[in-house]
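> Take this structure first; my questions come after.
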Amino acid sequence: MIPTIPTPEELLDKGFRRGKKSADLMRTQKIPKHLKGKKIEETRVITACQVIKDKLKSIIDSVPIIEDLPEFYQDYIDITVGVDDMKQALGGLNWAYGILTQLEKEYGGKIRNSSSERATMFQKQAYGRIASVVNKIKKDLDFLDFAKQNLRNMPTVDFNAITIVIAGFPNVGKSTLLRQITGADPQVANYPFTTKGIQIGHTERHWKEIQIIDTPGLLDRPVLEMNDIELNALIALEHLADAILFIFDSSETCGFTVESQYNLYEQIKKVFSEIPIITLFNKIDIIEIDETLKQYEDELEDSVFISAIEGEGIDEINKIIDKIEKIERAQ
């Protein structure tokens, strides 16, 4: 998404080196003596400006217009580095490009209309102003380098696939379920989203592409206790989910009581109010479903009881997934 970002020193070094090389080449050309000195200095200035401008333009052009991206990616960029900061940094590069264009014309004209002795003076003035302009965008270049590092693992999302989000507290079996649904050797990768990560797995059922997103780190605590970044991450996932699999650990070996898990479930229902949620009770291989769930049985009467680690109940989950249709979301 973002190419390698040079430092101001690297930009200037490249521009000035290319300027010198072009000037040296000009020295070998057959040019009238009274024009040659001016032509050499003009070439140095114009080449240096153009080389630096070309690099700035390549950076600007490589970054897509954020408003044209799907909402998921807009939120991802905003969560990870900040959309406003990104626009401001690109604006700084645009400003520098414009000023360098002016300097190229201004000093090209001054050198052409001067004496050979004054041409060298104008060339030095031009280089000083070029360096000043490039050094002024140091913070913008630094930010874009920061953005490049933090966005390099941005997930590749299939917006045409049916997308299932797996939610729940840590250690309830989300990753195990992801692997069960997507096969023995799923294509799974870790992506930095906030300070933690999401996992994306893919499978195909009845000629339909299925995308499964596991959310470790995003739903580790009740929604009311989440910070703004975590809440924004939930909103970003809301742009993708066609259905949610919410996992309960009835054994409570995950470290959270069923009551706490149910409270999280209720809050997730509010956040994803327009998205169907299928509730799963995991780890039935180590505990029988008992009176703990009686108080919730009316609300969770259609729950599926599974053992993700042993693959029990996966067929029933797949049947449910088969019935999920792609939700058309307004862009």
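Residues are referred to by chain and number: the chain letter is A, B, ... according to the order shown in the structure tokens, the number counts from 1 in that chain, and ligands are numbered separately from 1 in the order shown.
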Would you please give, as a ChimeraX atom specification, all residues of segment 79-281 of chain A that DSSP assigns to strand (DSSP E or B) based on the backbone?

/A:162-167,189-192,197-205,208-214,243-249,277-281

> Can you pull out every residue within 12 Å of Gly255 of chain A, counting only C-alpha atoms, but drop anything in the same chain fewer than 2 positions away, and send it as a PyMOL selection string?

chain A and resi 169-172+220-221+248-253+257-261

> How would the residues just chosen look if you wrote them out with N, CA, C and O atoms as a PDB file, in the first residue's frame?


```
ATOM      1  N   PHE A 169     -15.055 -14.677  24.947  1.00  0.00           N
ATOM      2  CA  PHE A 169     -13.902 -14.384  25.789  1.00  0.00           C
ATOM      3  C   PHE A 169     -12.687 -15.213  25.359  1.00  0.00           C
ATOM      4  O   PHE A 169     -12.826 -16.193  24.601  1.00  0.00           O
ATOM      5  N   PRO A 170     -11.494 -14.859  25.849  1.00  0.00           N
ATOM      6  CA  PRO A 170     -10.293 -15.645  25.527  1.00  0.00           C
ATOM      7  C   PRO A 170     -10.406 -17.067  26.063  1.00  0.00           C
ATOM      8  O   PRO A 170     -11.080 -17.314  27.074  1.00  0.00           O
ATOM      9  N   ASN A 171      -9.763 -17.978  25.381  1.00  0.00           N
ATOM     10  CA  ASN A 171      -9.627 -19.372  25.830  1.00  0.00           C
ATOM     11  C   ASN A 171     -10.943 -20.146  25.865  1.00  0.00           C
ATOM     12  O   ASN A 171     -11.047 -21.161  26.560  1.00  0.00           O
ATOM     13  N   VAL A 172     -11.938 -19.669  25.118  1.00  0.00           N
ATOM     14  CA  VAL A 172     -13.191 -20.429  25.071  1.00  0.00           C
ATOM     15  C   VAL A 172     -13.197 -21.411  23.902  1.00  0.00           C
ATOM     16  O   VAL A 172     -14.128 -22.204  23.762  1.00  0.00           O
ATOM     17  N   ASP A 220     -12.039  -9.183  24.567  1.00  0.00           N
ATOM     18  CA  ASP A 220     -11.504  -9.759  25.788  1.00  0.00           C
ATOM     19  C   ASP A 220     -12.181  -9.254  27.054  1.00  0.00           C
ATOM     20  O   ASP A 220     -11.912  -9.758  28.132  1.00  0.00           O
ATOM     21  N   ARG A 221     -12.984  -8.221  26.909  1.00  0.00           N
ATOM     22  CA  ARG A 221     -13.637  -7.688  28.098  1.00  0.00           C
ATOM     23  C   ARG A 221     -14.986  -7.113  27.712  1.00  0.00           C
ATOM     24  O   ARG A 221     -15.244  -6.865  26.531  1.00  0.00           O
ATOM     25  N   PHE A 248     -19.680 -19.824  24.222  1.00  0.00           N
ATOM     26  CA  PHE A 248     -19.665 -19.898  25.685  1.00  0.00           C
ATOM     27  C   PHE A 248     -18.779 -21.073  26.109  1.00  0.00           C
ATOM     28  O   PHE A 248     -18.769 -22.108  25.445  1.00  0.00           O
ATOM     29  N   ASP A 249     -18.060 -20.893  27.182  1.00  0.00           N
ATOM     30  CA  ASP A 249     -17.336 -22.001  27.818  1.00  0.00           C
ATOM     31  C   ASP A 249     -18.076 -22.342  29.102  1.00  0.00           C
ATOM     32  O   ASP A 249     -17.886 -21.712  30.138  1.00  0.00           O
ATOM     33  N   SER A 250     -18.941 -23.349  29.018  1.00  0.00           N
ATOM     34  CA  SER A 250     -19.758 -23.698  30.188  1.00  0.00           C
ATOM     35  C   SER A 250     -18.933 -24.303  31.307  1.00  0.00           C
ATOM     36  O   SER A 250     -19.379 -24.362  32.451  1.00  0.00           O
ATOM     37  N   SER A 251     -17.702 -24.764  30.991  1.00  0.00           N
ATOM     38  CA  SER A 251     -16.847 -25.335  32.039  1.00  0.00           C
ATOM     39  C   SER A 251     -16.194 -24.244  32.882  1.00  0.00           C
ATOM     40  O   SER A 251     -15.678 -24.519  33.967  1.00  0.00           O
ATOM     41  N   GLU A 252     -16.192 -23.016  32.353  1.00  0.00           N
ATOM     42  CA  GLU A 252     -15.575 -21.855  32.996  1.00  0.00           C
ATOM     43  C   GLU A 252     -14.069 -22.013  33.167  1.00  0.00           C
ATOM     44  O   GLU A 252     -13.434 -21.248  33.906  1.00  0.00           O
ATOM     45  N   THR A 253     -13.463 -22.999  32.463  1.00  0.00           N
ATOM     46  CA  THR A 253     -12.004 -23.158  32.539  1.00  0.00           C
ATOM     47  C   THR A 253     -11.277 -22.042  31.790  1.00  0.00           C
ATOM     48  O   THR A 253     -10.055 -21.913  31.889  1.00  0.00           O
ATOM     49  N   THR A 257     -16.773 -16.614  34.340  1.00  0.00           N
ATOM     50  CA  THR A 257     -18.004 -17.303  34.690  1.00  0.00           C
ATOM     51  C   THR A 257     -18.978 -17.264  33.520  1.00  0.00           C
ATOM     52  O   THR A 257     -18.883 -16.391  32.639  1.00  0.00           O
ATOM     53  N   VAL A 258     -19.924 -18.202  33.525  1.00  0.00           N
ATOM     54  CA  VAL A 258     -20.962 -18.193  32.492  1.00  0.00           C
ATOM     55  C   VAL A 258     -21.749 -16.891  32.559  1.00  0.00           C
ATOM     56  O   VAL A 258     -22.132 -16.328  31.533  1.00  0.00           O
ATOM     57  N   GLU A 259     -21.951 -16.382  33.760  1.00  0.00           N
ATOM     58  CA  GLU A 259     -22.678 -15.115  33.914  1.00  0.00           C
ATOM     59  C   GLU A 259     -21.943 -13.981  33.205  1.00  0.00           C
ATOM     60  O   GLU A 259     -22.556 -13.182  32.483  1.00  0.00           O
ATOM     61  N   SER A 260     -20.623 -13.899  33.395  1.00  0.00           N
ATOM     62  CA  SER A 260     -19.840 -12.859  32.718  1.00  0.00           C
ATOM     63  C   SER A 260     -19.900 -13.030  31.211  1.00  0.00           C
ATOM     64  O   SER A 260     -20.010 -12.050  30.453  1.00  0.00           O
ATOM     65  N   GLN A 261     -19.830 -14.279  30.764  1.00  0.00           N
ATOM     66  CA  GLN A 261     -19.879 -14.549  29.337  1.00  0.00           C
ATOM     67  C   GLN A 261     -21.237 -14.142  28.760  1.00  0.00           C
ATOM     68  O   GLN A 261     -21.324 -13.602  27.656  1.00  0.00           O
TER      69      GLN A 261
END
```

> Skip Tyr265 of chain A itself and residues of its chain fewer than 2 positions away, then list as a ChimeraX atom specification all residues within 12 Å of it, counting only C-alpha atoms.

/A:166-169,219-223,244-248,258-263,267-273,277-280,296,299-300

> Would you please work out which residue, of A:Leu151, A:Ile275, A:Met26, A:Gly201, is nearest to Ile79 of chain A when using only C-alpha atoms?

A:Leu151

> Take atom CA of Thr176 of chain A and atom CA of Gly311 of chain A and report the distance between them in Å, one decimal.

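Distance reported for this atom pair: 9.2 Å.
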
> Pick from A:Lys208, A:Arg44, A:Lys283, A:Arg129: nearest to Gly313 of chain A, with only C-alpha atoms counted?

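The answer is A:Lys283, which sits nearest to Gly313 of chain A.
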